[in-house]
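Colleague: Here's a structure for you.
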Amino acid sequence: MDTPVDTPKIRVLAVDDETDFLELFVKRFSKRNLDVSCADNGLAALEFLQDHTVDVVVLDVRMPKMDGLEALKEIKKRHPLLEVIMLTGHGSVESGIQGMSHGAYDYVMKPFKIDDLLFKIHKAYERKVLNETRAK
Amino acid sequence: MLGFGLSTRYGQAVHLVLVPGLAVSACLTLVGESVASAAVTALGLGAAVFMSSLLLCRKIDAASEEKCQLDEQLIQSQKLAAMGELSSGIAHEINTPLAIISQESEWLRYLLKSLTTAPIDPDKAKEFAESLDQISLQVERCREITHGMLNFARKRDAVLQDTDINQLLEDMVLWVEKEVQRNNCAIHRAYDPKLPLVATDSPLLRQVVLNLLNNAAQAVERDGEITVATTRTGSNAVSIEVRDNGCGIPKENLDKIFNPFFTTKAPGKGTGLGLSISLSIVARLGGALTASSQPGEFTSFVLSLPIRRSAT
Amino acid sequence: MLETIKTLVVDDDERFASNMVKLLRTQDIDASVAPNGAVALEILAREAIDVVLLDMKMPAPSGVETMRRIRDLGSTAQVIFLTGHASVDEALAGLNLGAFDYVLKPASTEMIVGKIKLAYAKKQKLSRKETEKGDPA
């Protein structure tokens with residue numbers, strides 16, 4: 001997906017307990033002109049979000065200590081305009097319904113195609129901007 | 001063909017009313033018959049008259065059906081608004097006594113620990129502990145209900161983005177497919193390839209689609225078939241159909257299924273909020289959600305959406 | 001040696017508040033009660049409180065108003081809202097005023113204690129930063 005050079009980079013925070021996945025994610029998506037940061041657990045993500053502005057969070061559903069759904073709730077509590085895309089390996093549909101009702105923008109199955117997730121990140125960002133303009 | 005359009009739309013009974021004052025002022029009522037046979041008869045009475053009358057009737061019927069639908073939607077949304085207020089109020093009130101009950105059971109459990117040092121009938125102690133567990137369990141059930149109601153009442157304005165409906169559906173279908181394939185169920189797609197992009201709130205729409213697909217999956221259980229179809233139904237409307245060949249919905253329940261808490265599942269399994277929330281979301285999207293069913297044969301949910309919302 | 005966390009439970013529901021105190025003490029957390037915002041502020045002015053559990057729905061001053069006054073007081077206590085009410089606007093207002101978190105009732109004591117400990121950790125971190133600032137370079 002082409003973005004003109006002078007538009008601000010979309011700021012993404014990837015949250016997953018698998019550090020290999022995070023490394024790959026940061027590499028691949030930085031190449032696609034996104035500003036990518038990462039955290040390996042929900043609490044670290046929340047701390048990061050307190051001090052940094054992020055547009056879209058990509059959040060794994062299954063994590064130890066604070067699971068994806070809990071992290072989603074905590075993120076939406078503090079940053080209601082931030083869009084969250086959930087990553088799921090084999091999450092049940094019922095959990096998806098729960099996540100959506102708590103404000104998840106979309107769910108993406110692992111393994112995913114980079115371009116598919118990139119498109120969704122762009123759409124999520126678009127929604128964030130629309131919401132922010134409306135809020136003003 | 002116009003006639004076929006009418007008969008499939010109105011199901012079993014099709015009333016063709018020819019405009020009075022015309023040479024032929026006969027009223028043809030077809031029950032379950034194809035319009036073709038009516039056309040042959042009518043040709044003998046003047047094909048031109050027949051065609052223009054059909055067109056006129058179709059327009060009148062379409063307009064009155066649209067008005068009925070709009071009236072119904074208005075009533076529905078007013079009902080929903082009232083229910084939203086009511087359920088939100090109830091949920092607030094219930095949460096406080098629930099919180100205290102929860103605390104009492106925690107305290108009793110704590111006391112129980114110190115009581116077991118004295119000689120005590122182990123069976124009675126076990127029952128005591130079980131009762132406590134029940135209290136916690138029931139509180140949890142209530143909590144799910146109240147938090148669900150509060151979620152339901154939360155007003156979130158639709159944020160419109162141009163959405164590829166077929167892709168949105170396919171994403172959700174792929175997910176549900178993984179689960180239903182284990183039970184030997186199949187999901188068929190019938191997407192309209194020429195469907196235009198629709199200005200809608202995609203996460204809200206995803207919720208509704210997932211809910212409908214999940215219901216369909218639960219209805220078919222094993223060896224069933226689900227069909228997902230999209231069509232353009234007008235200059236500014238598209239519709240999504242989710243159809244399953246499960247046990248169907250009995251006629252007396254059909255107008256209750258959108259009520260909050262109506263469920264035919266066993267007590268404790270699912271709160272029955274899904275369809276009422278879906279209906280409320282669809283209303284927010286400026287669309288309509290209807291259900292039809294033949295018990296023992298099929299259930300079909302049709303979600304219609306405007307392609308572009310007019311400025312409100 | 002772990003210090004005991006000192007909490008203040010502010011809630012106009014007497015039974016709820018006293019239950020909360022009892023249960024927190026079973027988890028080695030020191031707790032006392034204030035039946036309303038005004039009393040809470042008096043206590044905060046004269047005692048060292050680490051974490052405040054604040055009910056949102058109270059007669060004047062309201063939960064949010066009490067939060068505002070706690071902040072104006074310059075108190076270092078971390079505030080956690082406990083509410084049977086889920087108004088997103090009110091919750092956000094509380095968070096924007098500097099509350100640590102909010103919890104929807106009913107909630108297990110275990111969950112609440114978890115958040116109290118996190119709030120306390122934040123308070124420790126902030127006070128360390130303050131003392132570091134105060135040290136001559």
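In the structure tokens, the first chain shown is A, the next is B, and so on; residue numbers restart at 1 for each chain, and ligands run from 1 in the order shown.
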For Ala31 of chain C, list every protein, DNA or RNA residue within 7 Å, evaluated using only C-alpha atoms, and leave out those in the same chain fewer than 5 positions away; present the list as an mmCIF file with C-alpha atoms, in the first residue's frame.

Modeller:
data_model
loop_
_atom_site.group_PDB
_atom_site.id
_atom_site.type_symbol
_atom_site.label_atom_id
_atom_site.label_comp_id
_atom_site.auth_asym_id
_atom_site.auth_seq_id
_atom_site.Cartn_x
_atom_site.Cartn_y
_atom_site.Cartn_z
ATOM 1 C CA LYS C 6 -2.628 1.880 53.998
ATOM 2 C CA THR C 7 -5.937 2.213 52.225
ATOM 3 C CA LEU C 8 -8.987 4.382 52.746
ATOM 4 C CA VAL C 9 -12.372 3.067 51.600
ATOM 5 C CA VAL C 21 -12.127 -3.219 55.315
ATOM 6 C CA LEU C 24 -8.571 -6.195 52.929
ATOM 7 C CA ARG C 25 -7.233 -6.893 56.395
#

Colleague: Out of segment 4-137 of chain C, which residues get strand (DSSP E or B) from DSSP, as a PyMOL selection string?

Modeller: chain C and resi 6-10+30-34+51-55+78-83+101-104

Colleague: Select from chain C everything DSSP, run on the backbone, classes as alpha helix (DSSP H), then give the selection as a PDB file with C-alpha atoms, in the first residue's frame.

Modeller:
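part.pdb written:
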ATOM      1  CA  GLU C  14     -21.887   1.209  55.297  1.00  0.00           C
ATOM      2  CA  ARG C  15     -22.077  -2.555  54.925  1.00  0.00           C
ATOM      3  CA  PHE C  16     -20.073  -2.550  51.695  1.00  0.00           C
ATOM      4  CA  ALA C  17     -17.402  -0.333  53.200  1.00  0.00           C
ATOM      5  CA  SER C  18     -17.015  -2.314  56.429  1.00  0.00           C
ATOM      6  CA  ASN C  19     -16.922  -5.617  54.490  1.00  0.00           C
ATOM      7  CA  MET C  20     -14.212  -4.170  52.278  1.00  0.00           C
ATOM      8  CA  VAL C  21     -12.127  -3.219  55.315  1.00  0.00           C
ATOM      9  CA  LYS C  22     -12.489  -6.692  56.878  1.00  0.00           C
ATOM     10  CA  LEU C  23     -11.544  -8.446  53.649  1.00  0.00           C
ATOM     11  CA  LEU C  24      -8.571  -6.195  52.929  1.00  0.00           C
ATOM     12  CA  ARG C  25      -7.233  -6.893  56.395  1.00  0.00           C
ATOM     13  CA  THR C  26      -7.297 -10.648  55.678  1.00  0.00           C
ATOM     14  CA  GLY C  37     -15.989  12.669  50.324  1.00  0.00           C
ATOM     15  CA  ALA C  38     -15.774  15.419  52.915  1.00  0.00           C
ATOM     16  CA  VAL C  39     -14.620  13.041  55.674  1.00  0.00           C
ATOM     17  CA  ALA C  40     -12.225  11.399  53.214  1.00  0.00           C
ATOM     18  CA  LEU C  41     -10.529  14.723  52.543  1.00  0.00           C
ATOM     19  CA  GLU C  42     -10.206  15.424  56.274  1.00  0.00           C
ATOM     20  CA  ILE C  43      -8.503  12.068  56.751  1.00  0.00           C
ATOM     21  CA  LEU C  44      -6.233  12.537  53.746  1.00  0.00           C
ATOM     22  CA  ALA C  45      -5.138  15.912  55.079  1.00  0.00           C
ATOM     23  CA  ARG C  46      -3.890  14.497  58.357  1.00  0.00           C
ATOM     24  CA  GLY C  63     -16.869  10.673  43.420  1.00  0.00           C
ATOM     25  CA  VAL C  64     -15.466  12.786  40.603  1.00  0.00           C
ATOM     26  CA  GLU C  65     -15.703  15.973  42.688  1.00  0.00           C
ATOM     27  CA  THR C  66     -13.920  14.249  45.565  1.00  0.00           C
ATOM     28  CA  MET C  67     -11.197  13.168  43.128  1.00  0.00           C
ATOM     29  CA  ARG C  68     -10.788  16.750  42.027  1.00  0.00           C
ATOM     30  CA  ARG C  69     -10.416  17.911  45.611  1.00  0.00           C
ATOM     31  CA  ILE C  70      -7.933  15.134  46.388  1.00  0.00           C
ATOM     32  CA  ARG C  71      -5.818  16.320  43.508  1.00  0.00           C
ATOM     33  CA  ASP C  72      -6.132  19.943  44.583  1.00  0.00           C
ATOM     34  CA  LEU C  73      -5.045  18.910  48.065  1.00  0.00           C
ATOM     35  CA  VAL C  88     -17.619   5.964  30.221  1.00  0.00           C
ATOM     36  CA  ASP C  89     -17.655   9.758  30.519  1.00  0.00           C
ATOM     37  CA  GLU C  90     -17.453   9.699  34.300  1.00  0.00           C
ATOM     38  CA  ALA C  91     -14.761   7.038  34.316  1.00  0.00           C
ATOM     39  CA  LEU C  92     -12.678   8.965  31.807  1.00  0.00           C
ATOM     40  CA  ALA C  93     -13.191  12.146  33.804  1.00  0.00           C
ATOM     41  CA  GLY C  94     -11.838  10.342  36.835  1.00  0.00           C
ATOM     42  CA  LEU C  95      -8.863   8.962  34.936  1.00  0.00           C
ATOM     43  CA  ASN C  96      -8.124  12.350  33.411  1.00  0.00           C
ATOM     44  CA  THR C 109     -11.278  -8.852  46.622  1.00  0.00           C
ATOM     45  CA  GLU C 110      -8.423 -10.658  44.909  1.00  0.00           C
ATOM     46  CA  MET C 111      -8.796  -8.419  41.873  1.00  0.00           C
ATOM     47  CA  ILE C 112      -9.073  -5.283  43.958  1.00  0.00           C
ATOM     48  CA  VAL C 113      -6.000  -6.200  46.006  1.00  0.00           C
ATOM     49  CA  GLY C 114      -4.088  -6.758  42.774  1.00  0.00           C
ATOM     50  CA  LYS C 115      -4.901  -3.228  41.663  1.00  0.00           C
ATOM     51  CA  ILE C 116      -4.129  -1.774  45.094  1.00  0.00           C
ATOM     52  CA  LYS C 117      -0.665  -3.297  44.932  1.00  0.00           C
ATOM     53  CA  LEU C 118      -0.094  -1.880  41.456  1.00  0.00           C
ATOM     54  CA  ALA C 119      -1.285   1.533  42.583  1.00  0.00           C
ATOM     55  CA  TYR C 120       1.024   1.368  45.582  1.00  0.00           C
ATOM     56  CA  ALA C 121       3.964   0.449  43.334  1.00  0.00           C
ATOM     57  CA  LYS C 122       3.221   3.492  41.198  1.00  0.00           C
ATOM     58  CA  LYS C 123       3.083   5.682  44.274  1.00  0.00           C
ATOM     59  CA  GLN C 124       6.507   4.373  45.373  1.00  0.00           C
ATOM     60  CA  LYS C 125       7.954   5.021  41.944  1.00  0.00           C
ATOM     61  CA  LEU C 126       6.629   8.580  41.861  1.00  0.00           C
ATOM     62  CA  SER C 127       7.899   9.408  45.334  1.00  0.00           C
ATOM     63  CA  ARG C 128      11.363   8.029  44.435  1.00  0.00           C
ATOM     64  CA  LYS C 129      11.415  10.335  41.417  1.00  0.00           C
ATOM     65  CA  GLU C 130      10.497  13.258  43.674  1.00  0.00           C
ATOM     66  CA  THR C 131      13.319  12.540  46.134  1.00  0.00           C
ATOM     67  CA  GLU C 132      15.769  12.161  43.231  1.00  0.00           C
ATOM     68  CA  LYS C 133      14.714  15.544  41.918  1.00  0.00           C
ATOM     69  CA  GLY C 134      15.273  17.052  45.352  1.00  0.00           C
TER      70      GLY C 134
END

Colleague: Excluding segment 27-40 of chain A and residues on its chain fewer than 2 positions from it, collect all residues at most 7 Å away from it, counting only C-alpha atoms, and give them as a PDB file with N, CA and C atoms, in the first residue's frame.

Modeller:
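selection_0.pdb, freshly written:
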ATOM      1  N   LYS A   9       3.656   8.994   9.738  1.00  0.00           N
ATOM      2  CA  LYS A   9       3.649   7.539   9.806  1.00  0.00           C
ATOM      3  C   LYS A   9       2.635   7.097  10.841  1.00  0.00           C
ATOM      4  N   ILE A  10       1.954   6.003  10.546  1.00  0.00           N
ATOM      5  CA  ILE A  10       1.016   5.451  11.510  1.00  0.00           C
ATOM      6  C   ILE A  10       1.821   4.809  12.627  1.00  0.00           C
ATOM      7  N   ARG A  11       1.460   5.164  13.883  1.00  0.00           N
ATOM      8  CA  ARG A  11       2.205   4.631  15.029  1.00  0.00           C
ATOM      9  C   ARG A  11       1.506   3.384  15.541  1.00  0.00           C
ATOM     10  N   VAL A  12       2.217   2.280  15.507  1.00  0.00           N
ATOM     11  CA  VAL A  12       1.645   0.994  15.894  1.00  0.00           C
ATOM     12  C   VAL A  12       2.391   0.432  17.093  1.00  0.00           C
ATOM     13  N   LEU A  13       1.624  -0.161  18.019  1.00  0.00           N
ATOM     14  CA  LEU A  13       2.248  -0.888  19.127  1.00  0.00           C
ATOM     15  C   LEU A  13       1.849  -2.348  18.997  1.00  0.00           C
ATOM     16  N   ALA A  14       2.825  -3.224  18.880  1.00  0.00           N
ATOM     17  CA  ALA A  14       2.540  -4.659  18.781  1.00  0.00           C
ATOM     18  C   ALA A  14       2.753  -5.284  20.148  1.00  0.00           C
ATOM     19  N   VAL A  15       1.781  -6.071  20.594  1.00  0.00           N
ATOM     20  CA  VAL A  15       1.873  -6.687  21.917  1.00  0.00           C
ATOM     21  C   VAL A  15       1.696  -8.197  21.793  1.00  0.00           C
ATOM     22  N   ASP A  16       2.754  -8.946  22.136  1.00  0.00           N
ATOM     23  CA  ASP A  16       2.707 -10.408  22.017  1.00  0.00           C
ATOM     24  C   ASP A  16       3.773 -10.972  22.915  1.00  0.00           C
ATOM     25  N   ASP A  17       3.495 -12.121  23.567  1.00  0.00           N
ATOM     26  CA  ASP A  17       4.511 -12.665  24.463  1.00  0.00           C
ATOM     27  C   ASP A  17       5.614 -13.407  23.704  1.00  0.00           C
ATOM     28  N   THR A  19       8.601 -13.234  21.579  1.00  0.00           N
ATOM     29  CA  THR A  19       9.526 -12.182  21.152  1.00  0.00           C
ATOM     30  C   THR A  19       9.998 -12.370  19.709  1.00  0.00           C
ATOM     31  N   LEU A  22       7.493 -10.692  17.636  1.00  0.00           N
ATOM     32  CA  LEU A  22       7.605  -9.240  17.733  1.00  0.00           C
ATOM     33  C   LEU A  22       8.729  -8.705  16.852  1.00  0.00           C
ATOM     34  N   GLU A  23       9.878  -9.380  16.909  1.00  0.00           N
ATOM     35  CA  GLU A  23      11.021  -8.932  16.097  1.00  0.00           C
ATOM     36  C   GLU A  23      10.653  -8.895  14.626  1.00  0.00           C
ATOM     37  N   LEU A  24      10.057  -9.975  14.185  1.00  0.00           N
ATOM     38  CA  LEU A  24       9.651 -10.086  12.781  1.00  0.00           C
ATOM     39  C   LEU A  24       8.643  -9.010  12.419  1.00  0.00           C
ATOM     40  N   PHE A  25       7.700  -8.796  13.318  1.00  0.00           N
ATOM     41  CA  PHE A  25       6.651  -7.817  13.104  1.00  0.00           C
ATOM     42  C   PHE A  25       7.252  -6.428  12.918  1.00  0.00           C
ATOM     43  N   ALA A  44       3.182  -3.939  30.323  1.00  0.00           N
ATOM     44  CA  ALA A  44       4.210  -3.122  29.669  1.00  0.00           C
ATOM     45  C   ALA A  44       3.564  -2.256  28.582  1.00  0.00           C
ATOM     46  N   ALA A  45       2.601  -2.848  27.889  1.00  0.00           N
ATOM     47  CA  ALA A  45       1.899  -2.094  26.838  1.00  0.00           C
ATOM     48  C   ALA A  45       1.190  -0.888  27.441  1.00  0.00           C
TER      49      ALA A  45
END

Colleague: Pull out every residue of chain A sitting within 9 Å of chain C, counting only C-alpha atoms, and send them as a list in words.

Modeller: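 Listed by rising number, the hits are Glu74, Lys77, Arg78, His79 and Pro80 of chain A.
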
Colleague: Write down, as a VMD selection string, each residue of chain B that has any atom within 8 Å of an atom of chain C, counting only C-alpha atoms.

Modeller: chain B and resid 92 to 93 95 to 96 98 to 100 102 to 104 106 to 107 143 150 154

Colleague: Print the selection's residues with N, CA and C atoms to a file, as a PDB file, in the first residue's frame.

Modeller:
ATOM      1  N   HIS B  92     -27.315  -0.796  37.226  1.00  0.00           N
ATOM      2  CA  HIS B  92     -26.650  -0.014  38.261  1.00  0.00           C
ATOM      3  C   HIS B  92     -27.117  -0.460  39.632  1.00  0.00           C
ATOM      4  N   GLU B  93     -28.450  -0.549  39.773  1.00  0.00           N
ATOM      5  CA  GLU B  93     -29.016  -0.850  41.081  1.00  0.00           C
ATOM      6  C   GLU B  93     -28.622  -2.240  41.550  1.00  0.00           C
ATOM      7  N   ASN B  95     -25.990  -4.047  40.750  1.00  0.00           N
ATOM      8  CA  ASN B  95     -24.565  -4.240  41.004  1.00  0.00           C
ATOM      9  C   ASN B  95     -24.166  -4.047  42.455  1.00  0.00           C
ATOM     10  N   THR B  96     -24.829  -3.112  43.154  1.00  0.00           N
ATOM     11  CA  THR B  96     -24.431  -2.855  44.538  1.00  0.00           C
ATOM     12  C   THR B  96     -24.781  -4.009  45.471  1.00  0.00           C
ATOM     13  N   LEU B  98     -25.252  -7.012  44.662  1.00  0.00           N
ATOM     14  CA  LEU B  98     -24.411  -8.118  44.196  1.00  0.00           C
ATOM     15  C   LEU B  98     -23.024  -8.020  44.809  1.00  0.00           C
ATOM     16  N   ALA B  99     -22.506  -6.803  44.839  1.00  0.00           N
ATOM     17  CA  ALA B  99     -21.168  -6.601  45.389  1.00  0.00           C
ATOM     18  C   ALA B  99     -21.130  -7.025  46.853  1.00  0.00           C
ATOM     19  N   ILE B 100     -22.193  -6.707  47.585  1.00  0.00           N
ATOM     20  CA  ILE B 100     -22.218  -7.059  49.005  1.00  0.00           C
ATOM     21  C   ILE B 100     -22.356  -8.571  49.183  1.00  0.00           C
ATOM     22  N   SER B 102     -21.319 -10.819  47.243  1.00  0.00           N
ATOM     23  CA  SER B 102     -20.001 -11.365  46.910  1.00  0.00           C
ATOM     24  C   SER B 102     -19.052 -11.232  48.091  1.00  0.00           C
ATOM     25  N   GLN B 103     -19.062 -10.071  48.724  1.00  0.00           N
ATOM     26  CA  GLN B 103     -18.196  -9.863  49.882  1.00  0.00           C
ATOM     27  C   GLN B 103     -18.577 -10.807  51.019  1.00  0.00           C
ATOM     28  N   GLU B 104     -19.895 -10.985  51.264  1.00  0.00           N
ATOM     29  CA  GLU B 104     -20.345 -11.859  52.355  1.00  0.00           C
ATOM     30  C   GLU B 104     -19.834 -13.266  52.147  1.00  0.00           C
ATOM     31  N   GLU B 106     -17.234 -14.195  50.447  1.00  0.00           N
ATOM     32  CA  GLU B 106     -15.776 -14.226  50.658  1.00  0.00           C
ATOM     33  C   GLU B 106     -15.482 -14.291  52.145  1.00  0.00           C
ATOM     34  N   TRP B 107     -16.224 -13.512  52.936  1.00  0.00           N
ATOM     35  CA  TRP B 107     -15.993 -13.478  54.371  1.00  0.00           C
ATOM     36  C   TRP B 107     -16.336 -14.818  55.003  1.00  0.00           C
ATOM     37  N   ARG B 143     -23.466 -10.985  37.446  1.00  0.00           N
ATOM     38  CA  ARG B 143     -22.498  -9.988  37.016  1.00  0.00           C
ATOM     39  C   ARG B 143     -22.410  -9.961  35.491  1.00  0.00           C
ATOM     40  N   LEU B 150     -25.083  -3.274  30.696  1.00  0.00           N
ATOM     41  CA  LEU B 150     -24.436  -1.961  30.666  1.00  0.00           C
ATOM     42  C   LEU B 150     -23.721  -1.749  29.336  1.00  0.00           C
ATOM     43  N   ARG B 154     -24.650   1.214  26.429  1.00  0.00           N
ATOM     44  CA  ARG B 154     -23.632   2.220  26.102  1.00  0.00           C
ATOM     45  C   ARG B 154     -23.847   2.728  24.681  1.00  0.00           C
TER      46      ARG B 154
END

Colleague: Please, which residues of chain A lie no more than 12 Å from chain B when the count uses only C-alpha atoms, and can they be set out as a PyMOL selection string?

Modeller: chain A and resi 80-81+83-86+88-110+112+116-117+119-120+122-135

Colleague: Would you pick out the contacts of Ala77 of chain C at 8 Å or less, using only C-alpha atoms, so that residues sharing its chain but fewer than 4 positions from it are not included, and give the list as a list of chain:residue names?

Modeller: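 These residues fall inside the cut-off: C:Ile49, C:Asp50, C:Val51, C:Val52, C:Lys123.
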
Colleague: Taking C-alpha atoms for each residue, export the selection above as a compact mmCIF listing (two decimals), in the first residue's frame.

Modeller:
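And here's result.txt as it stands now:
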# COMPACT_ATOMS: atom_id res chain seq x y z
CA ILE C 49 -2.79 7.14 53.05
CA ASP C 50 -1.33 5.15 50.14
CA VAL C 51 -4.40 4.13 48.16
CA VAL C 52 -7.98 5.39 48.16
CA LYS C 123 3.08 5.68 44.27

Colleague: Do you know which residues are at most 12 Å from Glu252 of chain B counting only C-alpha atoms, after dropping those on the same chain fewer than 5 positions away, and could you put them as a CSV table (one decimal) with C-alpha atoms, in the first residue's frame?

Modeller:
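Output below, filename result_15.csv:
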chain,number,residue,atom,x,y,z
B,257,ILE,CA,-36.2,-13.4,19.3
B,292,SER,CA,-37.9,-15.7,8.8
B,293,SER,CA,-38.0,-19.4,9.4
B,294,GLN,CA,-39.7,-22.7,8.6
B,295,PRO,CA,-39.4,-25.0,11.6

Colleague: Using only C-alpha atoms, find the one residue out of A:Thr7, A:Ile75, A:Leu118, A:Gly68 that sits nearest to Leu49 of chain A.

Modeller: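 Of A:Thr7, A:Ile75, A:Leu118, A:Gly68, the one nearest Leu49 of chain A is A:Ile75, counting only C-alpha atoms.
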
Colleague: Which of these residues is nearest to Asp30 of chain C, using only C-alpha atoms: C:Ile5, C:Gly74, C:Pro59, C:Ala48?

Modeller: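 The answer is C:Ile5, which sits nearest to Asp30 of chain C.
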
Colleague: Rank B:Leu279, B:Leu303, B:Cys57, B:Ala291 by their smallest atom-to-atom distance to Thr231 of chain B, using only C-alpha atoms, and report the top residue only.

Modeller: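 Closest candidate: B:Leu303.
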
Colleague: Figure out the distance between atom CA of Leu69 of chain A and atom CA of Gly98 of chain C, please, to one decimal in Å.

Modeller: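 Separating atom CA of Gly98 of chain C from atom CA of Leu69 of chain A is a distance of 24.1 Å.
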